[in-house]
Amino acid sequence: MLRAVQFRLGIRLYSVKPVKKDAKKYTDTINLPRTRFPNRLSAAKREEQEREILDQKIASAYQYQEQHKRKPAFVLHDGPPYANGQLHMGHAVNKILKDITLRQRVAHGQQVNYIPGWDCHGLPIELKATSAAAGEQSALEIRQKSRAFALEAIESQKADFRSWGILASWQPEQIYLTFKPEFIANQLQMFYRLYERGLVYRDLKPVYWSPSSKTALAEAELEYDPKFVSPSVYLRFVLNGLPVAEAAQGKQIFALVWTTTPWTLPSNQAICYNSSLEYVLVKLLDRDPNDLYLMASALIADFENSTQLKCEVVQRLPGSALKDCNYQHPIDTTQGKLAFFEAAHVQDTKGTGLVHTAPAHGPDDFLISLANKLPVKCYVNESGIYTEEAPEFLRGQSVLAQGNPLVLQHIADDVVHASQFEHSYPIDWRTKQPVIIRASEQWFINTDKLKAPAAAALERVQIYPRVNAESSKKALLTQLHKRPYWCISRQRAWGVPIPVLYKRDNNQVVLNGALIEHLCGLLRSEGSMDFWWSKSLEELLPDQLLKQLGCEAKELSKGNDIFDIWFDSGSTWSAVLKDQPQQVADLYLEGYDQFTGWFQSSLLTSIAARNCAPYKALFVHGFTVDEKGHKMSKSLGNVISPKQITKKYGTDVLRWWVASHGTQHMSITVSDKLMQQAAENLSKVRGTLRYLNGVIQQKEQKLSMSINDSYLNKYLLHSLVEFEEEIEKLYNAYEYNRVVACIQNFIANQVSSIYVHLIKDRLYCGNKQELQDIRYTLTQCYRQLCKALWPIAPYLTEESWSYYEPTGGCFHEETVQAEKSWKNVQASQIVNEALDIKRLVNQQAGDVNSWHLAVSIKCCSPQQLEKLTALHGQLNVPVANSELCEILQVGSATVESELDSSMDTAKVTMKTLDATLCPRCRRYSIVEHAICGRCSEILSDKN
């Protein structure tokens, strides 16, 4: 009769053949694993346990590694999150990936440098802080409310980050905030250095402008509405003749132009063409035959398909023939001779090959105006309303609401065809309202001077994950090259004021080093930049400084602009890394949206300031989505918060999920199913640690192994060397999903299925030396597993370690390193050869208890015979107590000396022994004695 007994780490078949009724019980003589480390924790106990570990172990880990780990430090510069509310799953992915990166360095003996920070300025905070207030608020009121809101958010977020076990010092002096006086002073000084070098300047240029926020926006502050509807209008502009066109004699000629922004037509100053294109004069068959229309020949079919108007080509013209053309403004009749200009941005992919050009409302248009000295006419104010300089019928109207229909109504006779066009259009990332391009006086960084050195610096930057490295680098370079300029000024109250004075009479910039130093001194004494708004110029500027500026206070005015938050955060390397060599971080780790944001702004400021990148490597992760692939939002009701997960499953499950899924794809799925899967996987890991804790008991300082140790022990120690090397390689490549898989595979295979399963008899029933050797081997296994697990599951690791370390020490105080002497390829090959034989035995054994089997093995090669002999010793005779029998889990084995070279593998034959197994070990057969000879000897030694 056989009974299968299920253990967590394997299945063993035990004989329950009846023995004598007066058989003695031997349970107390067996070396069963014993530990107080619990198999599982209730939610309440887990929460209590995490608090204790956080306060007693994790809280001190950062300071400990600063003092004890090797230098030079690995520097991870923290991209600052906004201090504007509760944390979401994106924060969890980002901060936990950073923490895993840092912890794996510490686990491998390296010191790390990580200073967490917060982005404290900007519109997101200002809007939330002031949303409840009614009516107009002064700049000082806005600033006070925004500062209080940011401080509250920082404390809340800091508590959550700390609860996730993030390795950092959270003391006020050990974090950075972009509204701290020393941070702002550094930023002002950097601004002035760039200004002195001509890399920062003020100019009138078209920028993305949000009428709903009344401020300029950076590319990174835009979202895109894929279903935005704009008018699609073909317009005609009256040409003042076309002398080179014979067919035009006695005809009225029109330039045919396509636009989706009719509201910009009052600002039109030119029409652009491409001299490399062929143009045609065409008749529209159902319109006045005396009217001819000029357009690119390649776009006739597109025009006909879009308008359902048929064209008849009258004459073909080279693009160069248009250089002397001029036309009449479609709205302002006083402008009767506006020019055509050649421009490379005009293509034959869409439209008509002729482009309406309004320098105030387009980057390409503006560049044309610079090259040809055209006026930049902007008739739109900061609210997106036409000004008093606009045509009378438009004054006071919204360009986005009434502008298009009013303009089209005014020029109805020149509208050839009008329809609607659905396309992707930029919107304000906070208000979700459409933006416009509008010329305004702003501060800019001269990116033209920076693009080439920035691109060269990027070529030397490593990008992870490696699988996406090429596409990530291409995306970064594309964003870098397509940026026309960087507008660093904003028209809001909550931020760092651009420290510039202007002459009242001509708006000339007044700025010198003494002014910057004076403002930095005031900043340090006052504690904030509020004085820029609260003090008059007479209060702000001492007489000595006015003399240096060569002005009187009444001749000057303060600037009203603040710095773009991307300039705030882009300069963090200068303030935060000031104590590091060359002020360069080993790693920046952020989401892929920072291709247009922090990665770019940090690179450009660093190139501008010292002509090198601020980072040696970038790690780019994705964004969280629900199980259907949808972005998480309150409106969809699919938001899962980190607090929900940690409350239900515990912090380590959240971290395990991040490690398992946060580095593989740009869409990181969040679901209860995946969290449950992470919890189950971690529970299995916990079970393994508990078993190892039970075998090892407590740490012994002088634990050693006998010289003639078994091959199974050597096999596992050799496997630990390979495991450590593989884990370190995967960690250094930031392939954390593969780290998780490697840990799970090692536990399931080398540890559980092979070693722990095969040495159970020796562990439970063996002699003192065998037990000591097993304890030594499993202690090294336990320590290596803790080293691999600690970066991902620090709470579980520290909890388990507390049962191993009798002094109460923490895991981060240990240095765990596999010994080179463990490397034993021969032992690994020998055990693997025996495992191949074991698979053959298992295939034939069926349901029979394998300890009742006597097997005979005929080898297929001398090499195979040599390996099996190392485990078995004798040839051609049955042996019951060899390590080969232990690995095969059989009662006896015979290794035949004769070879059969015709086979690809060994030949195994077996028979069932009719014998009673020892009631203590249930391995060896007994004949006359109550227990087997091995057990009898061991019990005699114990007595």
# chains A, B, ... in the order shown; residues from 1 in each chain; ligands from 1
>>> residues_around(residues="segment 925-939 of chain A", least_positions_apart="6", cutoff="6 Å", atoms="only C-alpha atoms", output="list of chain:residue names")
A:Asn767, A:Ala915, A:Thr916, A:Leu917, A:Cys918
>>> select_by_dssp(residues="segment 492-558 of chain A", states="helix (DSSP H, G or I)", output="ChimeraX atom specification")
/A:513-526,531-534,537-540,543-549,553-555
>>> residues_around(residues="segment 772-780 of chain A", least_positions_apart="6", cutoff="7 Å", atoms="only C-alpha atoms", output="list in words")
Leu692, Val695, Ile696, Leu703, Ser704, Met705, Ser706, Asn713, Leu717 and Leu763 of chain A
>>> write_last_selection(atoms="N, CA and C atoms", output="PDB file, in the first residue's frame")
ATOM      1  N   LEU A 692      13.932  27.273   4.222  1.00  0.00           N
ATOM      2  CA  LEU A 692      15.364  27.463   4.430  1.00  0.00           C
ATOM      3  C   LEU A 692      15.648  27.968   5.837  1.00  0.00           C
ATOM      4  N   VAL A 695      15.540  25.015   8.160  1.00  0.00           N
ATOM      5  CA  VAL A 695      16.704  24.133   8.096  1.00  0.00           C
ATOM      6  C   VAL A 695      17.908  24.788   8.763  1.00  0.00           C
ATOM      7  N   ILE A 696      18.119  26.073   8.440  1.00  0.00           N
ATOM      8  CA  ILE A 696      19.327  26.781   8.894  1.00  0.00           C
ATOM      9  C   ILE A 696      19.244  27.118  10.380  1.00  0.00           C
ATOM     10  N   LEU A 703      30.365  28.446  10.351  1.00  0.00           N
ATOM     11  CA  LEU A 703      29.761  27.337   9.624  1.00  0.00           C
ATOM     12  C   LEU A 703      30.699  26.918   8.493  1.00  0.00           C
ATOM     13  N   SER A 704      30.947  25.615   8.388  1.00  0.00           N
ATOM     14  CA  SER A 704      31.862  25.120   7.355  1.00  0.00           C
ATOM     15  C   SER A 704      31.340  23.803   6.807  1.00  0.00           C
ATOM     16  N   MET A 705      32.039  23.290   5.781  1.00  0.00           N
ATOM     17  CA  MET A 705      31.611  22.070   5.123  1.00  0.00           C
ATOM     18  C   MET A 705      32.785  21.086   5.116  1.00  0.00           C
ATOM     19  N   SER A 706      32.484  19.785   5.187  1.00  0.00           N
ATOM     20  CA  SER A 706      33.532  18.777   5.211  1.00  0.00           C
ATOM     21  C   SER A 706      34.250  18.714   3.869  1.00  0.00           C
ATOM     22  N   ASN A 713      25.731  18.727  -2.839  1.00  0.00           N
ATOM     23  CA  ASN A 713      26.099  19.997  -2.220  1.00  0.00           C
ATOM     24  C   ASN A 713      26.975  20.820  -3.155  1.00  0.00           C
ATOM     25  N   LEU A 717      26.131  24.547  -4.787  1.00  0.00           N
ATOM     26  CA  LEU A 717      27.057  25.670  -4.612  1.00  0.00           C
ATOM     27  C   LEU A 717      27.538  26.189  -5.967  1.00  0.00           C
ATOM     28  N   LEU A 763      18.893  15.045   5.130  1.00  0.00           N
ATOM     29  CA  LEU A 763      18.610  16.151   6.044  1.00  0.00           C
ATOM     30  C   LEU A 763      17.829  15.667   7.266  1.00  0.00           C
TER      31      LEU A 763
END
>>> closest_residue(among="A:Val576, A:Ala107, A:Val908, A:Val639", to="Glu728 of chain A", atoms="only C-alpha atoms")
A:Ala107
>>> atom_distance(atom1="atom CA of Leu785 of chain A", atom2="atom CA of Val816 of chain A")
10.0 Å
>>> closest_residue(among="A:Asn737, A:Ser557, A:Asn881, A:Ser602", to="Ser660 of chain A", atoms="only C-alpha atoms")
A:Asn737
>>> residues_around(residues="Trp486 of chain A", least_positions_apart="4", cutoff="10 Å", atoms="only C-alpha atoms", output="VMD selection string")
chain A and resid 200 207 218 to 219 442 to 448 564 566 to 567 601 604
>>> closest_atom_pairs(of="segment 341-366 of chain A", to="segment 305-317 of chain A", cutoff="12 Å", atoms="only C-alpha atoms", output="JSON lines")
{"residue": "A:Lys350", "atom": "CA", "partner": "A:Ser306", "partner_atom": "CA", "distance": 10.8}
{"residue": "A:Gly351", "atom": "CA", "partner": "A:Ser306", "partner_atom": "CA", "distance": 9.9}
{"residue": "A:Thr352", "atom": "CA", "partner": "A:Ser306", "partner_atom": "CA", "distance": 11.4}
>>> closest_residue(among="A:Asp904, A:Gly591, A:Ala827, A:Leu577", to="Ser861 of chain A", atoms="only C-alpha atoms")
A:Asp904
>>> select_by_dssp(residues="segment 147-392 of chain A", states="strand (DSSP E or B)", output="number ranges by chain")
A: 176-177, 200-210, 215-216, 222-239, 252-259, 270-273, 278-284, 291-296, 311-318, 326-327, 338-342, 355-357, 380, 385-386
>>> closest_residue(among="A:Lys820, A:Glu770, A:Glu441, A:Ile792", to="Glu725 of chain A", atoms="only C-alpha atoms")
A:Lys820
>>> closest_residue(among="A:Gln769, A:Asn39, A:Ser60, A:Thr596", to="Arg483 of chain A", atoms="only C-alpha atoms")
A:Thr596
>>> residues_around(residues="Ala360 of chain A", least_positions_apart="2", cutoff="10 Å", atoms="only C-alpha atoms", output="count of residues only")
25
>>> closest_residue(among="A:Pro426, A:Gly165, A:Pro211, A:Pro289", to="Phe228 of chain A", atoms="only C-alpha atoms")
A:Pro426
>>> residues_around(residues="Pro318 of chain A", least_positions_apart="2", cutoff="12 Å", atoms="only C-alpha atoms", output="number ranges by chain")
A: 244-245, 273-281, 294-297, 315-316, 320-323
>>> residues_around(residues="Ala454 of chain A", least_positions_apart="5", cutoff="10 Å", atoms="only C-alpha atoms", output="PyMOL selection string")
chain A and resi 447+449+459+477+480-481+600+603-608+611-613
>>> atom_distance(atom1="atom CA of Leu868 of chain A", atom2="atom CA of Leu888 of chain A")
11.3 Å
>>> atom_distance(atom1="atom CA of Arg686 of chain A", atom2="atom CA of Ser828 of chain A")
26.9 Å
